[in-house]
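Raw contents of data.txt, compact mmCIF, C-alpha atoms:
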```txt
# COMPACT_ATOMS: atom_id res chain seq x y z
CA MET A 1 12.65 -11.76 2.73
CA SER A 2 11.55 -11.22 6.31
CA THR A 3 8.79 -8.73 6.84
CA PRO A 4 9.08 -5.53 8.87
CA PRO A 5 6.97 -4.77 11.95
CA GLN A 6 3.35 -4.52 10.92
CA ASN A 7 2.42 -1.30 12.66
CA VAL A 8 0.30 0.02 9.81
CA PRO A 9 0.09 3.80 9.22
CA ALA A 10 -3.30 5.31 9.99
CA GLU A 11 -3.80 6.22 6.35
CA TRP A 12 -3.69 2.51 5.51
CA GLN A 13 -6.28 1.48 8.03
CA ASP A 14 -9.43 2.75 6.32
CA THR A 15 -11.48 0.46 4.09
CA ILE A 16 -13.92 0.83 1.25
CA ASP A 17 -17.28 -0.74 1.98
CA LEU A 18 -18.06 -1.96 -1.53
CA PRO A 19 -20.61 -4.68 -2.22
CA LYS A 20 -18.75 -7.87 -3.03
CA PRO A 21 -19.67 -9.36 -6.42
CA GLY A 22 -19.34 -12.86 -5.01
CA GLN A 23 -21.95 -12.28 -2.31
CA ILE A 24 -25.25 -14.07 -3.04
CA ASP A 25 -28.54 -13.87 -1.20
CA LYS A 26 -28.69 -17.56 -0.39
CA LYS A 27 -32.15 -17.34 1.16
CA ALA A 28 -33.64 -15.74 -1.94
CA LEU A 29 -31.75 -18.16 -4.17
CA ALA A 30 -33.19 -21.12 -2.27
CA LYS A 31 -36.71 -19.68 -2.61
CA TYR A 32 -36.38 -19.19 -6.37
CA GLN A 33 -34.83 -22.64 -6.80
CA ALA A 34 -37.71 -24.23 -4.88
CA ASP A 35 -40.22 -22.32 -7.04
CA LEU A 36 -38.42 -23.42 -10.20
CA ASN A 37 -38.49 -27.07 -9.10
CA LYS A 38 -42.17 -26.78 -8.24
CA GLN A 39 -43.12 -25.28 -11.61
CA ARG A 40 -41.04 -27.81 -13.50
CA HIS A 41 -42.79 -30.56 -11.55
CA TYR A 42 -46.21 -29.11 -12.48
CA ALA A 43 -45.12 -28.79 -16.08
CA ALA A 44 -43.91 -32.39 -16.18
CA GLN A 45 -47.14 -33.66 -14.61
CA ASN A 46 -49.29 -31.74 -17.07
CA GLN A 47 -47.12 -32.81 -19.98
CA ALA A 48 -47.60 -36.43 -18.99
CA THR A 49 -51.36 -35.92 -18.55
CA ILE A 50 -51.65 -34.21 -21.94
CA LYS A 51 -49.76 -37.05 -23.58
CA SER A 52 -52.09 -39.59 -21.97
CA LEU A 53 -55.21 -37.60 -22.98
CA GLU A 54 -54.01 -37.28 -26.55
CA LYS A 55 -53.52 -41.03 -26.68
CA ALA A 56 -57.06 -41.56 -25.34
CA ARG A 57 -58.51 -39.07 -27.84
CA LYS A 58 -56.94 -40.92 -30.73
CA ALA A 59 -58.21 -44.26 -29.43
CA THR A 60 -61.92 -43.27 -29.34
CA LYS A 61 -64.24 -42.72 -32.30
CA ASP A 62 -66.99 -41.16 -30.22
CA LYS A 63 -67.14 -37.51 -31.31
CA LYS A 64 -68.61 -36.25 -28.06
CA LYS A 65 -66.04 -38.14 -26.02
CA ARG A 66 -63.27 -36.85 -28.29
CA ALA A 67 -64.56 -33.31 -27.74
CA ARG A 68 -64.59 -33.74 -23.97
CA ILE A 69 -61.03 -35.11 -24.04
CA GLN A 70 -59.91 -32.22 -26.24
CA ALA A 71 -61.37 -29.75 -23.74
CA GLN A 72 -59.37 -31.45 -21.02
CA ILE A 73 -56.23 -31.25 -23.19
CA ASP A 74 -56.80 -27.53 -23.81
CA ALA A 75 -57.21 -26.90 -20.07
CA ARG A 76 -54.01 -28.81 -19.33
CA GLN A 77 -52.18 -26.88 -22.04
CA LYS A 78 -53.09 -23.63 -20.27
CA VAL A 79 -51.84 -25.01 -16.97
CA LEU A 80 -48.65 -26.22 -18.71
CA SER A 81 -48.13 -22.81 -20.30
CA THR A 82 -48.54 -21.09 -16.93
CA ALA A 83 -46.14 -23.54 -15.26
CA ASN A 84 -43.53 -23.03 -17.98
CA LYS A 85 -43.89 -19.25 -17.74
CA ARG A 86 -43.44 -19.32 -13.98
CA ALA A 87 -40.51 -21.69 -14.31
CA THR A 88 -38.86 -19.23 -16.71
CA GLU A 89 -39.50 -16.37 -14.29
CA ALA A 90 -37.98 -18.39 -11.43
CA GLN A 91 -34.97 -19.30 -13.56
CA ASN A 92 -34.44 -15.63 -14.47
CA LYS A 93 -34.63 -14.71 -10.79
CA ILE A 94 -31.94 -17.30 -10.12
CA TYR A 95 -29.77 -15.77 -12.85
CA GLU A 96 -30.28 -12.29 -11.37
CA THR A 97 -29.57 -13.46 -7.83
CA LYS A 98 -26.38 -15.17 -8.96
CA GLY A 99 -25.38 -12.17 -11.09
CA GLU A 100 -25.53 -14.16 -14.33
CA PHE A 101 -27.22 -11.33 -16.22
CA ASP A 102 -25.65 -12.30 -19.54
CA LYS A 103 -28.00 -15.32 -19.62
CA LEU A 104 -30.94 -12.92 -19.65
CA LEU A 105 -29.82 -11.07 -22.76
CA LYS A 106 -29.33 -11.87 -26.43
CA GLY A 107 -27.54 -10.48 -29.44
CA GLU A 108 -26.15 -6.92 -29.31
CA ASN A 109 -27.58 -6.31 -25.85
CA ARG A 110 -25.69 -9.29 -24.49
CA ASP A 111 -22.47 -8.17 -26.21
CA ALA A 112 -22.79 -4.65 -24.78
CA TYR A 113 -23.48 -6.01 -21.31
CA MET A 114 -20.50 -8.39 -21.39
CA ALA A 115 -18.10 -5.65 -22.56
CA LEU A 116 -19.19 -3.22 -19.84
CA LYS A 117 -19.21 -5.92 -17.18
CA SER A 118 -15.65 -6.92 -18.08
CA LEU A 119 -14.51 -3.27 -17.98
CA PHE A 120 -16.03 -2.55 -14.58
CA ASN A 121 -14.82 -5.86 -13.20
CA SER A 122 -11.30 -4.63 -13.99
CA TYR A 123 -12.05 -1.58 -11.83
CA GLY A 124 -13.05 -3.81 -8.94
CA LEU A 125 -16.69 -2.88 -9.51
CA GLY A 126 -18.27 -6.21 -10.39
CA SER A 127 -21.06 -5.22 -8.02
CA LEU A 128 -22.38 -2.86 -10.73
CA ALA A 129 -23.38 -5.77 -13.00
CA GLY A 130 -27.04 -5.42 -12.00
CA LYS A 131 -27.11 -1.73 -12.85
CA ILE A 132 -25.42 -2.41 -16.20
CA PHE A 133 -28.08 -5.02 -16.94
CA ASP A 134 -30.88 -2.60 -16.05
CA TYR A 135 -29.43 0.15 -18.27
CA VAL A 136 -28.96 -2.27 -21.18
CA LYS A 137 -32.59 -3.43 -20.83
CA GLN A 138 -33.67 0.21 -20.93
CA GLY A 139 -31.91 0.61 -24.27
CA TYR A 140 -29.02 2.88 -23.26
CA GLY A 141 -25.83 2.76 -25.31
CA ALA A 142 -22.45 1.76 -23.86
CA ASP A 143 -21.12 5.35 -23.63
CA THR A 144 -24.24 6.56 -21.87
CA ILE A 145 -24.17 3.63 -19.47
CA GLY A 146 -20.52 4.39 -18.68
CA LEU A 147 -21.42 7.96 -17.73
CA LEU A 148 -24.44 6.86 -15.69
CA LEU A 149 -22.31 4.41 -13.73
CA GLN A 150 -19.86 7.17 -12.80
CA ASP A 151 -22.66 8.73 -10.73
CA THR A 152 -23.15 5.63 -8.63
CA LYS A 153 -22.04 5.42 -5.02
CA GLU A 154 -19.87 2.41 -5.81
CA TYR A 155 -17.93 4.18 -8.56
CA LYS A 156 -17.36 7.31 -6.47
CA GLU A 157 -16.13 5.20 -3.55
CA ARG A 158 -13.80 3.22 -5.78
CA PHE A 159 -12.15 6.33 -7.24
CA SER A 160 -12.69 8.56 -4.21
CA ALA A 161 -9.21 10.09 -4.38
CA ASN A 162 -10.28 11.94 -7.52
CA GLU A 163 -12.72 14.07 -5.56
CA VAL A 164 -9.91 15.14 -3.20
CA ARG A 165 -7.61 15.83 -6.16
CA GLN A 166 -10.26 17.96 -7.84
CA LYS A 167 -10.78 20.07 -4.71
CA ALA A 168 -7.00 20.51 -4.43
CA GLY A 169 -6.76 21.74 -8.00
CA LEU A 170 -5.09 18.56 -9.24
CA PRO A 171 -6.16 16.83 -12.46
CA VAL A 172 -8.67 14.01 -12.08
CA LEU A 173 -7.21 10.67 -13.07
CA SER A 174 -8.90 8.45 -15.61
CA PRO A 175 -9.73 4.95 -14.39
CA ALA A 176 -6.75 3.64 -16.38
CA GLU A 177 -4.38 6.18 -14.77
CA TYR A 178 -5.85 5.53 -11.33
CA LEU A 179 -5.41 1.77 -11.70
CA SER A 180 -1.90 2.23 -13.07
CA ALA A 181 -0.90 4.22 -9.99
CA GLU A 182 -2.35 1.56 -7.70
CA SER A 183 -0.55 -1.15 -9.65
CA SER A 184 2.77 0.70 -9.32
CA TYR A 185 2.30 1.15 -5.57
CA ARG A 186 1.34 -2.49 -5.16
CA GLN A 187 4.34 -3.72 -7.12
CA ILE A 188 6.75 -1.58 -5.09
CA LEU A 189 5.35 -2.78 -1.77
CA SER A 190 5.19 -6.39 -2.85
CA SER A 191 8.75 -6.38 -4.22
CA ALA A 192 9.98 -4.93 -0.92
CA GLY A 193 8.51 -7.90 0.93
CA LEU A 194 5.94 -5.88 2.88
CA PRO A 195 3.02 -7.98 4.15
CA LYS A 196 -0.15 -8.12 2.06
CA GLY A 197 -2.05 -6.18 4.69
CA PHE A 198 -0.28 -3.12 3.31
CA TYR A 199 -1.58 -3.42 -0.24
CA ASP A 200 -4.62 -5.65 -0.59
CA ASN A 201 -7.32 -2.97 -0.68
CA PRO A 202 -7.83 0.06 -2.95
CA ALA A 203 -8.25 2.16 0.20
CA ASP A 204 -4.58 1.51 0.97
CA PHE A 205 -3.59 3.84 -1.86
CA ARG A 206 -6.39 6.40 -1.64
CA ASN A 207 -4.44 9.04 0.27
CA TRP A 208 -1.31 8.65 -1.81
CA ILE A 209 -3.27 9.17 -5.04
CA ALA A 210 -5.20 12.04 -3.48
CA GLY A 211 -1.94 13.68 -2.44
CA ASP A 212 -0.35 13.14 -5.87
CA VAL A 213 2.41 11.00 -4.34
CA SER A 214 4.41 9.54 -7.21
CA PRO A 215 5.48 5.88 -7.33
CA THR A 216 9.07 7.16 -7.21
CA GLU A 217 8.45 8.80 -3.84
CA VAL A 218 6.65 5.71 -2.59
CA LYS A 219 9.65 3.58 -3.54
CA SER A 220 11.96 5.98 -1.71
CA ARG A 221 9.81 5.75 1.42
CA VAL A 222 9.57 1.97 1.16
CA ASP A 223 13.33 1.66 0.74
CA MET A 224 13.83 3.70 3.92
CA ALA A 225 11.25 1.58 5.75
CA VAL A 226 12.92 -1.65 4.66
CA GLN A 227 16.37 -0.31 5.58
CA ALA A 228 15.07 0.68 8.99
CA THR A 229 13.39 -2.66 9.66
CA THR A 230 14.54 -5.70 7.75
CA GLN A 231 18.12 -4.68 7.00
CA ALA A 232 19.09 -2.38 9.86
CA ASN A 233 21.45 -3.39 12.65
CA PRO A 234 20.59 -2.75 16.31
CA ALA A 235 22.76 0.39 16.42
CA TYR A 236 20.78 2.00 13.58
CA LYS A 237 17.48 1.20 15.24
CA GLY A 238 18.87 2.44 18.54
CA ALA A 239 19.93 5.72 16.92
CA LEU A 240 16.47 6.24 15.44
CA TYR A 241 14.92 5.67 18.85
CA GLN A 242 17.34 7.94 20.74
CA MET A 243 17.17 10.73 18.19
CA TYR A 244 13.51 10.67 17.14
CA GLY A 245 11.72 8.41 19.60
CA ILE A 246 10.86 5.88 16.89
CA SER A 247 10.47 2.41 18.38
CA GLU A 248 11.14 -0.65 16.27
CA ALA A 249 7.42 -1.39 16.10
CA ASP A 250 6.78 2.07 14.63
CA LEU A 251 9.51 2.11 12.00
CA THR A 252 7.52 1.04 8.97
CA ALA A 253 4.59 3.29 9.79
CA TYR A 254 6.95 6.21 10.37
CA PHE A 255 8.65 6.06 7.01
CA LEU A 256 5.43 5.37 5.10
CA ASP A 257 3.56 8.24 6.75
CA ARG A 258 2.45 10.48 3.87
CA LYS A 259 2.18 13.47 6.23
CA LYS A 260 5.92 13.48 6.82
CA ALA A 261 7.89 15.23 4.10
CA GLU A 262 10.20 12.89 2.23
CA PRO A 263 13.28 15.20 2.41
CA LEU A 264 12.92 15.32 6.20
CA LEU A 265 12.65 11.53 6.38
CA LYS A 266 15.74 11.15 4.21
CA LYS A 267 17.71 13.51 6.45
CA GLN A 268 16.58 11.67 9.57
CA ALA A 269 17.41 8.29 8.05
CA SER A 270 20.88 9.51 7.05
CA ALA A 271 21.47 11.15 10.44
CA ALA A 272 20.48 7.89 12.16
CA ALA A 273 22.93 5.94 10.00
CA ILE A 274 25.70 8.34 11.06
CA GLY A 275 24.54 8.08 14.67
CA ALA A 276 24.69 4.29 14.45
CA ALA A 277 28.39 4.51 13.67
CA ALA A 278 28.84 6.71 16.76
CA LEU A 279 26.87 4.35 19.01
CA ARG A 280 28.88 1.34 17.92
CA ARG A 281 31.99 3.02 19.31
CA GLY A 282 30.42 4.22 22.52
CA PHE A 283 29.90 7.87 21.59
CA ALA A 284 26.86 9.96 22.51
CA LEU A 285 24.35 11.24 19.96
CA ASP A 286 23.62 14.88 19.30
CA ARG A 287 20.64 15.05 16.97
CA SER A 288 21.37 18.56 15.69
CA GLU A 289 25.02 17.78 14.94
CA LEU A 290 24.20 14.49 13.24
CA GLU A 291 21.55 16.14 11.07
CA ASN A 292 24.14 18.75 10.08
CA TYR A 293 26.50 15.95 9.03
CA ALA A 294 23.70 14.39 6.99
CA THR A 295 22.85 17.73 5.40
CA TYR A 296 26.44 18.25 4.34
CA GLY A 297 26.60 14.83 2.73
CA ILE A 298 28.43 12.64 5.22
CA THR A 299 27.54 9.08 4.25
CA ALA A 300 27.16 6.03 6.48
CA ASP A 301 30.45 4.62 5.16
CA GLN A 302 32.26 7.90 5.82
CA ALA A 303 30.76 7.97 9.30
CA GLU A 304 32.00 4.42 10.00
CA ALA A 305 35.53 5.34 8.93
CA GLY A 306 35.35 8.68 10.73
CA TYR A 307 34.22 7.33 14.10
CA ALA A 308 36.74 4.50 13.87
CA LYS A 309 39.47 7.14 13.49
CA ILE A 310 38.04 9.24 16.32
CA ALA A 311 37.87 6.21 18.65
CA ASP A 312 41.50 5.27 17.94
CA GLY A 313 42.88 8.56 19.24
CA PHE A 314 40.16 10.02 21.44
CA GLU A 315 41.52 9.06 24.87
CA GLN A 316 44.99 10.19 23.85
CA MET A 317 43.66 13.61 22.75
CA LEU A 318 41.85 14.03 26.06
CA GLY A 319 45.14 13.48 27.86
CA ILE A 320 47.03 15.88 25.59
CA ALA A 321 44.45 18.63 26.05
CA GLY A 322 44.53 18.13 29.82
CA ARG A 323 48.30 18.49 29.97
CA PHE A 324 48.06 21.90 28.36
CA GLY A 325 45.05 23.10 30.34
CA ASP A 326 42.92 22.97 27.20
CA THR A 327 39.73 21.13 26.28
CA TRP A 328 38.89 18.42 23.80
CA ASN A 329 35.59 16.63 23.39
CA GLN A 330 33.58 14.41 21.08
CA ARG A 331 32.18 17.30 19.04
CA MET A 332 35.66 18.70 18.41
CA ALA A 333 36.89 15.28 17.36
CA GLU A 334 33.94 14.89 15.00
CA HIS A 335 34.52 18.29 13.45
CA GLU A 336 38.21 17.59 13.03
CA VAL A 337 37.49 14.37 11.13
CA PHE A 338 34.49 15.51 9.13
CA GLU A 339 35.48 19.16 8.55
CA PRO A 340 37.85 18.61 5.61
CA GLY A 341 34.93 17.66 3.42
CA LEU A 342 32.82 20.58 4.65
CA SER A 343 32.90 24.33 4.34
CA GLU A 344 35.16 26.01 6.90
CA SER A 345 32.34 28.44 7.61
CA TRP A 346 30.39 25.48 8.96
CA SER A 347 32.76 25.18 11.91
CA PRO A 348 31.28 26.49 15.17
CA TYR A 349 34.66 27.72 16.36
CA ASN A 350 35.25 31.34 15.42
CA SER A 351 38.92 31.76 16.26
CA GLU A 352 40.15 28.26 15.57
CA SER A 353 38.61 25.36 13.72
CA ALA A 354 38.56 21.90 15.29
CA SER A 355 41.08 20.77 12.69
CA GLU A 356 43.43 23.63 13.58
CA LYS A 357 43.04 22.98 17.30
CA GLY A 358 43.82 19.30 16.87
CA LYS A 359 46.97 20.10 14.93
CA ARG A 360 48.06 22.67 17.54
CA LEU A 361 47.58 20.28 20.47
CA ARG A 362 49.47 17.48 18.75
CA SER A 363 52.26 19.90 17.80
CA GLN A 364 52.52 21.06 21.43
CA GLU A 365 52.61 17.45 22.56
CA ARG A 366 55.41 16.60 20.13
CA ALA A 367 57.35 19.70 21.20
CA LEU A 368 56.90 18.83 24.87
CA PHE A 369 58.19 15.31 24.46
CA ALA A 370 60.97 16.43 22.16
CA GLY A 371 62.05 18.94 24.82
CA SER A 372 61.79 16.36 27.57
CA LYS A 373 63.85 13.92 25.60
CA GLY A 374 66.55 16.56 24.95
CA SER A 375 66.75 17.56 28.62
CA SER A 376 66.97 13.98 29.72
CA SER A 377 69.79 13.19 27.28
CA GLN A 378 71.78 16.27 28.30
CA GLY A 379 71.45 15.46 31.97
CA LEU A 380 72.70 11.91 31.54
CA SER A 381 75.57 13.08 29.42
CA ALA A 382 76.65 15.68 31.97
CA GLY A 383 76.49 13.19 34.77
CA TYR A 384 78.63 10.76 32.88
CA ARG A 385 81.24 13.39 32.04
CA GLN A 386 81.44 14.33 35.70
CA THR A 387 82.16 10.80 36.73
```

Would you write the structure of this file as structure tokens?
Amino acid sequence: MSTPPQNVPAEWQDTIDLPKPGQIDKKALAKYQADLNKQRHYAAQNQATIKSLEKARKATKDKKKRARIQAQIDARQKVLSTANKRATEAQNKIYETKGEFDKLLKGENRDAYMALKSLFNSYGLGSLAGKIFDYVKQGYGADTIGLLLQDTKEYKERFSANEVRQKAGLPVLSPAEYLSAESSYRQILSSAGLPKGFYDNPADFRNWIAGDVSPTEVKSRVDMAVQATTQANPAYKGALYQMYGISEADLTAYFLDRKKAEPLLKKQASAAAIGAAALRRGFALDRSELENYATYGITADQAEAGYAKIADGFEQMLGIAGRFGDTWNQRMAEHEVFEPGLSESWSPYNSESASEKGKRLRSQERALFAGSKGSSSQGLSAGYRQT
């Protein structure tokens, strides 16, 4: 499916500045890696020296010499122990820098960390892995850690619509409910063929969730946007522009604008569809009249049939009205065609409805021609008899 113009509504243009879990401090990582390599090198050197000294100690029977060699071995063992300790510290720093905190934990602590990390990853909050690790090391339980994480800047940013909902007196959504709403929005937009720029960031849905906009309403808006962009003919787009000043580039943004009430958008979309039928047959658009037609349920198909009927006899009706010193115009023709399905009280004509006026003018025209035909026949007959 082709995509509509990508003039994104303002409410979609904000972003959430969350730390990205995949971001690594490469400079620090390189430093820790170099330190690890250095300590491992020292450890290997000392290990080799110790092995050589032990071999020499076993080869000599001189007690004093054996004692001196043992002292050297003991000193090397201390150096080896220090090197191994520093290598472990460097390795742990590498794990921390890379976010591999699970490698720093064991047993129940590791299980608790992995469960919480998986949960918050599903929220899009993998950046909290370090805080989870710190809380686990401090001995906090999973429930307590969950509550502590809700006070973090990252969590509040991620579910920021809840703060707006709370201030508006709306219920705060659980993470599962919040994510479900986002998923529904995303599916609707994706299925409609809208470009990914409309739904690839949690901020895209923040205002809709804050305003308690249901997925059903979102789908309605998206359907109107798609109709007005990917499926609409030039006449429909022209009607929207003439009636509401909506350019083709603004169509998607207009229908997805949360600040515009959905019923109003539906009326405008319906009125534009009726106006498109008028434009295709060369008639002018009257926004107020067309919105009235939409309000009273005139559909696009009815408008197509109605304006086709109006166009077939419009010039003839202008001539008829002129012959009798009367008036006929587009609005009267529209009312005559569309009135039967509407309330008579809707007609703007107090003394005579458009339907009644049309019937009267046609009746007068038939009577005029019938009279003319009779007079002409009588005259010819008389002339013939006189001959």

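CA of Arg165 in chain A lies 7.1 Å from CA of Gly211 in chain A.
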
**Request:** Might you pull out every residue within 10 Å of Lys137 in chain A, with all atoms listed in the file counted and same-chain residues fewer than 2 positions away left off, and present them as a PyMOL selection string?
**Result:** chain A and resi 104-105+109-110+113+131-135+139-140

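With only C-alpha atoms as the atoms that count, the residue of A:Ser214, A:Asn37, A:Thr229, A:Ser52 with the shortest distance to Ala87 in chain A is A:Asn37.
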
Please report as CSV every residue of range 126-233 of chain A lying within 12 Å of range 239-262 of chain A, along with the nearest atom pair and their distance in Å (one decimal), using only C-alpha atoms.
```
residue,atom,partner,partner_atom,distance
A:Tyr185,CA,A:Leu256,CA,11.9
A:Leu189,CA,A:Leu256,CA,10.7
A:Ala192,CA,A:Thr252,CA,11.8
A:Leu194,CA,A:Thr252,CA,9.4
A:Pro195,CA,A:Thr252,CA,11.2
A:Phe198,CA,A:Ala253,CA,10.3
A:Asp204,CA,A:Leu256,CA,11.5
A:Phe205,CA,A:Arg258,CA,10.6
A:Arg206,CA,A:Arg258,CA,11.2
A:Asn207,CA,A:Arg258,CA,7.9
A:Trp208,CA,A:Arg258,CA,7.1
A:Ile209,CA,A:Arg258,CA,10.7
A:Ala210,CA,A:Arg258,CA,10.7
A:Gly211,CA,A:Arg258,CA,8.3
A:Asp212,CA,A:Arg258,CA,10.5
A:Val213,CA,A:Arg258,CA,8.2
A:Ser214,CA,A:Arg258,CA,11.3
A:Thr216,CA,A:Glu262,CA,11.1
A:Glu217,CA,A:Glu262,CA,7.5
A:Val218,CA,A:Leu256,CA,7.8
A:Lys219,CA,A:Leu256,CA,9.8
A:Ser220,CA,A:Glu262,CA,8.1
A:Arg221,CA,A:Phe255,CA,5.7
A:Val222,CA,A:Leu256,CA,6.7
A:Asp223,CA,A:Phe255,CA,9.0
A:Met224,CA,A:Phe255,CA,6.5
A:Ala225,CA,A:Thr252,CA,5.0
A:Val226,CA,A:Thr252,CA,7.4
A:Gln227,CA,A:Thr252,CA,9.6
A:Ala228,CA,A:Leu251,CA,6.5
A:Thr229,CA,A:Leu251,CA,6.6
A:Thr230,CA,A:Thr252,CA,9.8
A:Ala232,CA,A:Glu248,CA,10.4
A:Asn233,CA,A:Ala239,CA,10.2
```

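The space between CA of Ala311 in chain A and CA of Ala284 in chain A spans 12.3 Å.
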
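Using only C-alpha atoms, the smallest distance between any of A:Ile69, A:Ala277, A:Gln330, A:Gly319 and Ala305 in chain A comes from A:Ala277.
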
**Prompt:** Between A:Gly107, A:Gly146, A:Pro171, A:Gly297, which is the closest to Phe120 in chain A once you count only C-alpha atoms?
**Reply:** A:Gly146

**Request:** Find the residue from A:Glu352, A:Glu163, A:Glu100, A:Glu157 that sits nearest to His335 in chain A; use all atoms listed in the file when measuring.
**Result:** A:Glu352

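Of the residues listed (A:Phe324, A:Tyr95, A:Tyr155, A:Phe338), A:Phe324 shows the shortest atom-to-atom separation from Glu365 in chain A; distances use all atoms listed in the file.
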
**Asked** Using all atoms listed in the file, which residue out of A:Phe101, A:Phe159, A:Tyr42, A:Tyr296 lies closest to Ser81 in chain A?
**Response** A:Tyr42

**Item:** Distance of CA of Lys98 in chain A from CA of Gln47 in chain A, expressed in Å to one decimal place
**Value:** 29.4 Å

**Message:** Which residues are near Ala308 in chain A? Cut-off 10 Å, all atoms listed in the file, ignore same chain within fewer than 5 positions. Put them as a PyMOL selection string.
**Reply:** chain A and resi 277-278+280-281+302-303+313-314

**Message:** Using all atoms listed in the file, which protein or nucleic acid residues come within 10 Å of Lys93 in chain A? Drop anything in the same chain fewer than 3 positions from it, and give the result as a list in words.
**Reply:** Ala28, Leu29, Lys31, Tyr32, Gln33, Leu36, Ala87, Thr88, Glu89, Ala90, Glu96, Thr97, Lys98, Gly99, Glu100, Phe101 and Leu104 of chain A
